[in-house]
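Just below is one structure, and these are the notes that go with it.
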Amino acid sequence: MLIYNLTHEELVSFVTEHQHKKYRADQIWHWLYKQKVQSFDEMTNLTSDLIDLLKANFEIKALELVIKHLSTDGTIKALYGLTDGNLIESVLMKHHYGNSICVTTQVGCNIGCSFCASGLLKKKRDLNAGEIIAQIIETERLLGERISYVVVMGIGEPFDNYENLLKFLSNINHPKGLAIGARHITVSTSGIVPKIKEYAHMGLQVNLAISLHAPNNEIRSKLMKINKAYPIEEVVDAIRYYLKVAKRRVTIEYILIDGLNDSKETALELVQLLKGLNVYVNLIPYNEVIEADYKRSKTETMEAFYDILMKNKVQVTLRKEQGHDINAACGQLRSQQL
Ligand code: SAH
Ligand code: SF4
């Protein structure tokens with residue numbers, strides 16, 4: 001088993017059950033999360049029998065870098081091979097306030113949104129927590145710098161891999177782990193209603209983003225077949241529920257597609273739908289993918305959409321994209337050697 005799959009408590013139990021002192025777990029986590037060593041032999045303050053015990057029970061390496069693409073804006077797309085040969089991608093973005101990474105949670109995605117490159121690959125399997133953590137650790141090593149922001153917006157639907165997602169969040173947030181502040185982490189979901197409600201009770205300070213992309217069922221069902229299972233009224237109800245229970249603002253993601261969801265009427269309908277909710281809308285210029293027929297909205301249309309939301313007192317931003325030249329922008333992630 002990958003050692004990054006253990007929580008700190010689980011590692012403490014493991015070492016104490018094997019007649020080692022509890023503080024050894026802290027030392028091991030220090031090597032794993034602070035020093036980011038690539039072998040147990042590098043854990044030089046452990047006894048040799050503890051190193052042997054770790055080697056007999058765990059693996060430390062989850063990923064192998066296959067290709068690294070560097071964008072002109074500094075964005076890095078890393079293609080990683082998992083130990084079973086599957087390929088995944090992580091994207092590192094540089095901002096003035098620090099480095100952020102977009103991590104993958106599944107090999108492929110079963111939600112199958114019609115506009116998304118990731119959804120074209122049927123899900124082969126879930127990633128385990130350690131494989132998601134390893135994307136941050138490997139990419140930090142690649143970069144030689146600390147990563148302080150995480151978005152769970154790569155390939156996959158995080159709420160369709162719920163237990164692993166929670167363990168991942170807990171280990172990267174843990175002060176003895178990667179110590180990434182919960183408010184620096186954002187999880188994005190396509191709107192799996194029961195999971196949004198469950199997640200509301202977790203008491204996490206992690207940001208939640210919901211991919212809405214439309215103000216009504218007619219448009220949303222064209223874009224996201226999950227809307228048949230969880231129609232927009234149920235998604236909005238779940239958002240209301242989350243706001244009440246978790247008392248944290250929700251981000252609404254809304255990609256702008258030419259002639260589909262970008263009209264003035266649609267903007268006004270969105271204003272109505274979100275009225276009174278503590279949300280902020282992140283408008284995302286659509287990134288065209290070869291297999292889909294959709295086009296990005298015109299700049300003036302996106303600005304007009306933005307203005308309508310602003311004028312109607314909906315908090316809104318128009319996302320600036322990164323990594324477009326290397327197909328690393330949203331929805332362009334697909335595990336192949338491009
Ligand atoms: N499965 C989750 C998280 C990964 S997708 C979800 O759907 O929320 C992360 C974000 O990228 C989502 O808001 C998604 O709708 C958006 N996205 C997907 N394809 C895109 C594309 N081609 N252009 C712009 N954004 C896209
Ligand atoms: Fe899956 Fe999200 Fe892409 Fe939809 S947008 S197919 S849920 S990764």
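Labels for the structure tokens follow display order: chains A, B, ..., residues from 1 in each chain, ligands from 1.
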So which residues touch Ile147 in chain A within 8 Å, counting only C-alpha atoms, skipping near sequence neighbours fewer than 4 positions away, as a PDB file with C-alpha atoms, in the first residue's frame?
ATOM      1  CA  GLY A  98       1.569  31.946  -4.964  1.00  0.00           C
ATOM      2  CA  ASN A  99       1.505  28.620  -6.793  1.00  0.00           C
ATOM      3  CA  SER A 100      -1.668  26.645  -7.258  1.00  0.00           C
ATOM      4  CA  ILE A 101      -2.238  23.136  -8.535  1.00  0.00           C
ATOM      5  CA  ILE A 136       1.168  17.869  -5.186  1.00  0.00           C
ATOM      6  CA  GLU A 140       6.505  20.656  -5.877  1.00  0.00           C
TER       7      GLU A 140
END
- prompt: Using only C-alpha atoms and all ligand atoms, what are the residues with an atom within 6 Å of ligand 1, set out as a list in words?
  reply: Phe115, Cys116, Met153, Gly154, Ile155, Gly156, Glu157, Ser188, Thr189, Ser190, Ser211, Glu253, Ile255, Tyr286, Asn287, Glu288, Val289, Cys330, Gly331 and Gln332 of chain A
Residues at most 7 Å from Gln315 in chain A, counting only C-alpha atoms, excluding those fewer than 4 positions away in the same chain, as a PDB file with C-alpha atoms, in the first residue's frame?
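Saved as out_26.pdb:
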ATOM      1  CA  TYR A 280     -20.324  34.213  -6.098  1.00  0.00           C
ATOM      2  CA  VAL A 281     -20.324  33.417  -9.773  1.00  0.00           C
ATOM      3  CA  MET A 310     -22.920  43.026 -11.521  1.00  0.00           C
TER       4      MET A 310
END
task: Give me the residues within 12 Å of Glu10 in chain A as a PyMOL selection string, counting only C-alpha atoms and dropping any in the same chain fewer than 6 places off.
output: chain A and resi 3-4+16-17+22+25-26+29+167+171
task: Pull the helix (DSSP H, G or I) assignments for range 167-295 of chain A out of DSSP run on the backbone, and list those residues as a PyMOL selection string.
output: chain A and resi 167-173+182-184+193-200+217-223+226-229+232-246+264-274
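Shortest separation to ligand 2 among A:Thr47, A:Asn207, A:Ser263, A:Ser221 occurs at residue A:Ser221, atoms counted being only C-alpha atoms and all ligand atoms.
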message: Which residue is closest to ligand 2? Choose from A:Ser71, A:Ser170, A:Ser118, A:Asn216 and count only C-alpha atoms and all ligand atoms.
response: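 The answer is A:Ser118, which sits nearest to ligand 2.
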- request: For CA of Leu256 in chain A and CA of His213 in chain A, quote the distance in Å rounded to one decimal.
  value: 7.5 Å
- request: Pick out the closest residue to ligand 2 from this set: A:Gly144, A:Gly177, A:Gly81, A:Gly191. Count only C-alpha atoms and all ligand atoms.
  value: A:Gly191
- prompt: Skipping near chain neighbours, those fewer than 5 positions away, what residues fall within 10 Å of Gly85 in chain A using only C-alpha atoms, listed as a list in words?
  reply: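 The residues that qualify are Leu63, Glu64 and Tyr80 of chain A.
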Go ahead and save the picked residues with all heavy atoms, as a PDB file, in the first residue's frame.
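And here's result18.pdb as it stands now:
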ATOM      1  N   LEU A  63       3.873   8.003  -8.481  1.00  0.00           N
ATOM      2  CA  LEU A  63       3.816   8.585  -9.828  1.00  0.00           C
ATOM      3  C   LEU A  63       5.185   8.653 -10.477  1.00  0.00           C
ATOM      4  O   LEU A  63       6.189   8.843  -9.804  1.00  0.00           O
ATOM      5  CB  LEU A  63       3.296  10.029  -9.751  1.00  0.00           C
ATOM      6  CG  LEU A  63       1.987  10.310  -9.035  1.00  0.00           C
ATOM      7  CD1 LEU A  63       1.778  11.808  -8.939  1.00  0.00           C
ATOM      8  CD2 LEU A  63       0.837   9.652  -9.770  1.00  0.00           C
ATOM      9  N   GLU A  64       5.168   8.570 -11.782  1.00  0.00           N
ATOM     10  CA  GLU A  64       6.383   8.738 -12.582  1.00  0.00           C
ATOM     11  C   GLU A  64       6.068   9.832 -13.602  1.00  0.00           C
ATOM     12  O   GLU A  64       5.044   9.750 -14.282  1.00  0.00           O
ATOM     13  CB  GLU A  64       6.639   7.405 -13.300  1.00  0.00           C
ATOM     14  CG  GLU A  64       8.066   7.122 -13.672  1.00  0.00           C
ATOM     15  CD  GLU A  64       8.982   6.933 -12.462  1.00  0.00           C
ATOM     16  OE1 GLU A  64       8.809   5.955 -11.707  1.00  0.00           O
ATOM     17  OE2 GLU A  64       9.873   7.785 -12.304  1.00  0.00           O
ATOM     18  N   TYR A  80       1.489  12.289 -15.582  1.00  0.00           N
ATOM     19  CA  TYR A  80       2.081  11.306 -14.680  1.00  0.00           C
ATOM     20  C   TYR A  80       1.569   9.908 -14.987  1.00  0.00           C
ATOM     21  O   TYR A  80       0.381   9.726 -15.290  1.00  0.00           O
ATOM     22  CB  TYR A  80       1.711  11.624 -13.230  1.00  0.00           C
ATOM     23  CG  TYR A  80       2.371  12.865 -12.669  1.00  0.00           C
ATOM     24  CD1 TYR A  80       1.606  13.962 -12.276  1.00  0.00           C
ATOM     25  CD2 TYR A  80       3.760  12.930 -12.497  1.00  0.00           C
ATOM     26  CE1 TYR A  80       2.208  15.097 -11.746  1.00  0.00           C
ATOM     27  CE2 TYR A  80       4.361  14.064 -11.968  1.00  0.00           C
ATOM     28  CZ  TYR A  80       3.584  15.146 -11.592  1.00  0.00           C
ATOM     29  OH  TYR A  80       4.185  16.270 -11.065  1.00  0.00           O
TER      30      TYR A  80
END
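With CA of Leu273 in chain A on one side and CA of Met302 in chain A on the other, the separation reads 18.9 Å.
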query: Do you know which residues are at most 6 Å from Leu178 in chain A counting only C-alpha atoms, after dropping those on the same chain fewer than 2 positions away, and could you put them as number ranges by chain?
result: A: 33, 172, 180
Just-selected residues, C-alpha atoms written as an mmCIF file, in the first residue's frame:
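Result file follows (result_29.cif):
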data_model
loop_
_atom_site.group_PDB
_atom_site.id
_atom_site.type_symbol
_atom_site.label_atom_id
_atom_site.label_comp_id
_atom_site.auth_asym_id
_atom_site.auth_seq_id
_atom_site.Cartn_x
_atom_site.Cartn_y
_atom_site.Cartn_z
ATOM 1 C CA TYR A 33 5.469 15.705 3.776
ATOM 2 C CA ILE A 172 -2.930 17.954 2.924
ATOM 3 C CA ILE A 180 -2.184 23.727 3.147
#
task: Report the residues of range 37-227 of chain A whose backbone DSSP state falls under strand (DSSP E or B), written as a PyMOL selection string.
output: chain A and resi 59+63-70+76-82+87-95+98-102+106-107+125-126+149-152+185-189+207-211
Could those residues be written to a file, using C-alpha atoms, as a PDB file, in the first residue's frame?
ATOM      1  CA  GLU A  59       5.372   1.880  -1.118  1.00  0.00           C
ATOM      2  CA  LEU A  63       3.816   8.585  -9.828  1.00  0.00           C
ATOM      3  CA  GLU A  64       6.383   8.738 -12.582  1.00  0.00           C
ATOM      4  CA  LEU A  65       6.664  11.895 -14.649  1.00  0.00           C
ATOM      5  CA  VAL A  66       6.009  11.033 -18.306  1.00  0.00           C
ATOM      6  CA  ILE A  67       5.999  14.466 -19.943  1.00  0.00           C
ATOM      7  CA  LYS A  68       6.115  18.016 -18.752  1.00  0.00           C
ATOM      8  CA  HIS A  69       4.598  20.775 -20.916  1.00  0.00           C
ATOM      9  CA  LEU A  70       5.545  24.339 -20.131  1.00  0.00           C
ATOM     10  CA  ILE A  76       3.073  23.540 -16.229  1.00  0.00           C
ATOM     11  CA  LYS A  77       1.061  20.515 -17.272  1.00  0.00           C
ATOM     12  CA  ALA A  78       2.535  17.315 -15.922  1.00  0.00           C
ATOM     13  CA  LEU A  79       1.517  13.963 -17.340  1.00  0.00           C
ATOM     14  CA  TYR A  80       2.081  11.306 -14.680  1.00  0.00           C
ATOM     15  CA  GLY A  81       2.057   7.528 -14.992  1.00  0.00           C
ATOM     16  CA  LEU A  82       0.459   5.603 -12.114  1.00  0.00           C
ATOM     17  CA  LEU A  87      -1.991   8.197 -17.064  1.00  0.00           C
ATOM     18  CA  ILE A  88      -3.237  11.305 -15.271  1.00  0.00           C
ATOM     19  CA  GLU A  89      -2.561  15.028 -15.456  1.00  0.00           C
ATOM     20  CA  SER A  90      -1.900  17.804 -12.987  1.00  0.00           C
ATOM     21  CA  VAL A  91      -1.633  21.476 -13.830  1.00  0.00           C
ATOM     22  CA  LEU A  92       0.485  23.976 -11.940  1.00  0.00           C
ATOM     23  CA  MET A  93      -0.414  27.641 -12.240  1.00  0.00           C
ATOM     24  CA  LYS A  94       1.710  30.555 -11.120  1.00  0.00           C
ATOM     25  CA  HIS A  95      -0.042  33.573  -9.634  1.00  0.00           C
ATOM     26  CA  GLY A  98       1.569  31.946  -4.964  1.00  0.00           C
ATOM     27  CA  ASN A  99       1.505  28.620  -6.793  1.00  0.00           C
ATOM     28  CA  SER A 100      -1.668  26.645  -7.258  1.00  0.00           C
ATOM     29  CA  ILE A 101      -2.238  23.136  -8.535  1.00  0.00           C
ATOM     30  CA  CYS A 102      -5.220  21.512 -10.198  1.00  0.00           C
ATOM     31  CA  GLN A 106     -10.185   9.756 -11.214  1.00  0.00           C
ATOM     32  CA  VAL A 107      -8.830   8.064 -14.326  1.00  0.00           C
ATOM     33  CA  ARG A 125     -10.935   3.795 -11.740  1.00  0.00           C
ATOM     34  CA  ASP A 126     -10.839   6.132  -8.765  1.00  0.00           C
ATOM     35  CA  TYR A 149      -3.294  26.572  -3.255  1.00  0.00           C
ATOM     36  CA  VAL A 150      -5.137  23.476  -4.454  1.00  0.00           C
ATOM     37  CA  VAL A 151      -8.120  23.185  -6.768  1.00  0.00           C
ATOM     38  CA  VAL A 152      -9.762  19.793  -7.159  1.00  0.00           C
ATOM     39  CA  ILE A 185      -8.401  24.546  -1.166  1.00  0.00           C
ATOM     40  CA  THR A 186     -11.413  24.402  -3.526  1.00  0.00           C
ATOM     41  CA  VAL A 187     -13.381  21.300  -4.444  1.00  0.00           C
ATOM     42  CA  SER A 188     -15.513  21.490  -7.589  1.00  0.00           C
ATOM     43  CA  THR A 189     -18.479  19.213  -8.209  1.00  0.00           C
ATOM     44  CA  ASN A 207     -14.236  26.055  -0.479  1.00  0.00           C
ATOM     45  CA  LEU A 208     -16.994  24.417  -2.478  1.00  0.00           C
ATOM     46  CA  ALA A 209     -17.610  25.178  -6.153  1.00  0.00           C
ATOM     47  CA  ILE A 210     -20.638  23.955  -8.084  1.00  0.00           C
ATOM     48  CA  SER A 211     -20.591  23.603 -11.868  1.00  0.00           C
TER      49      SER A 211
END
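From CA of Val103 in chain A back to CA of Leu309 in chain A, the distance works out to 29.8 Å.
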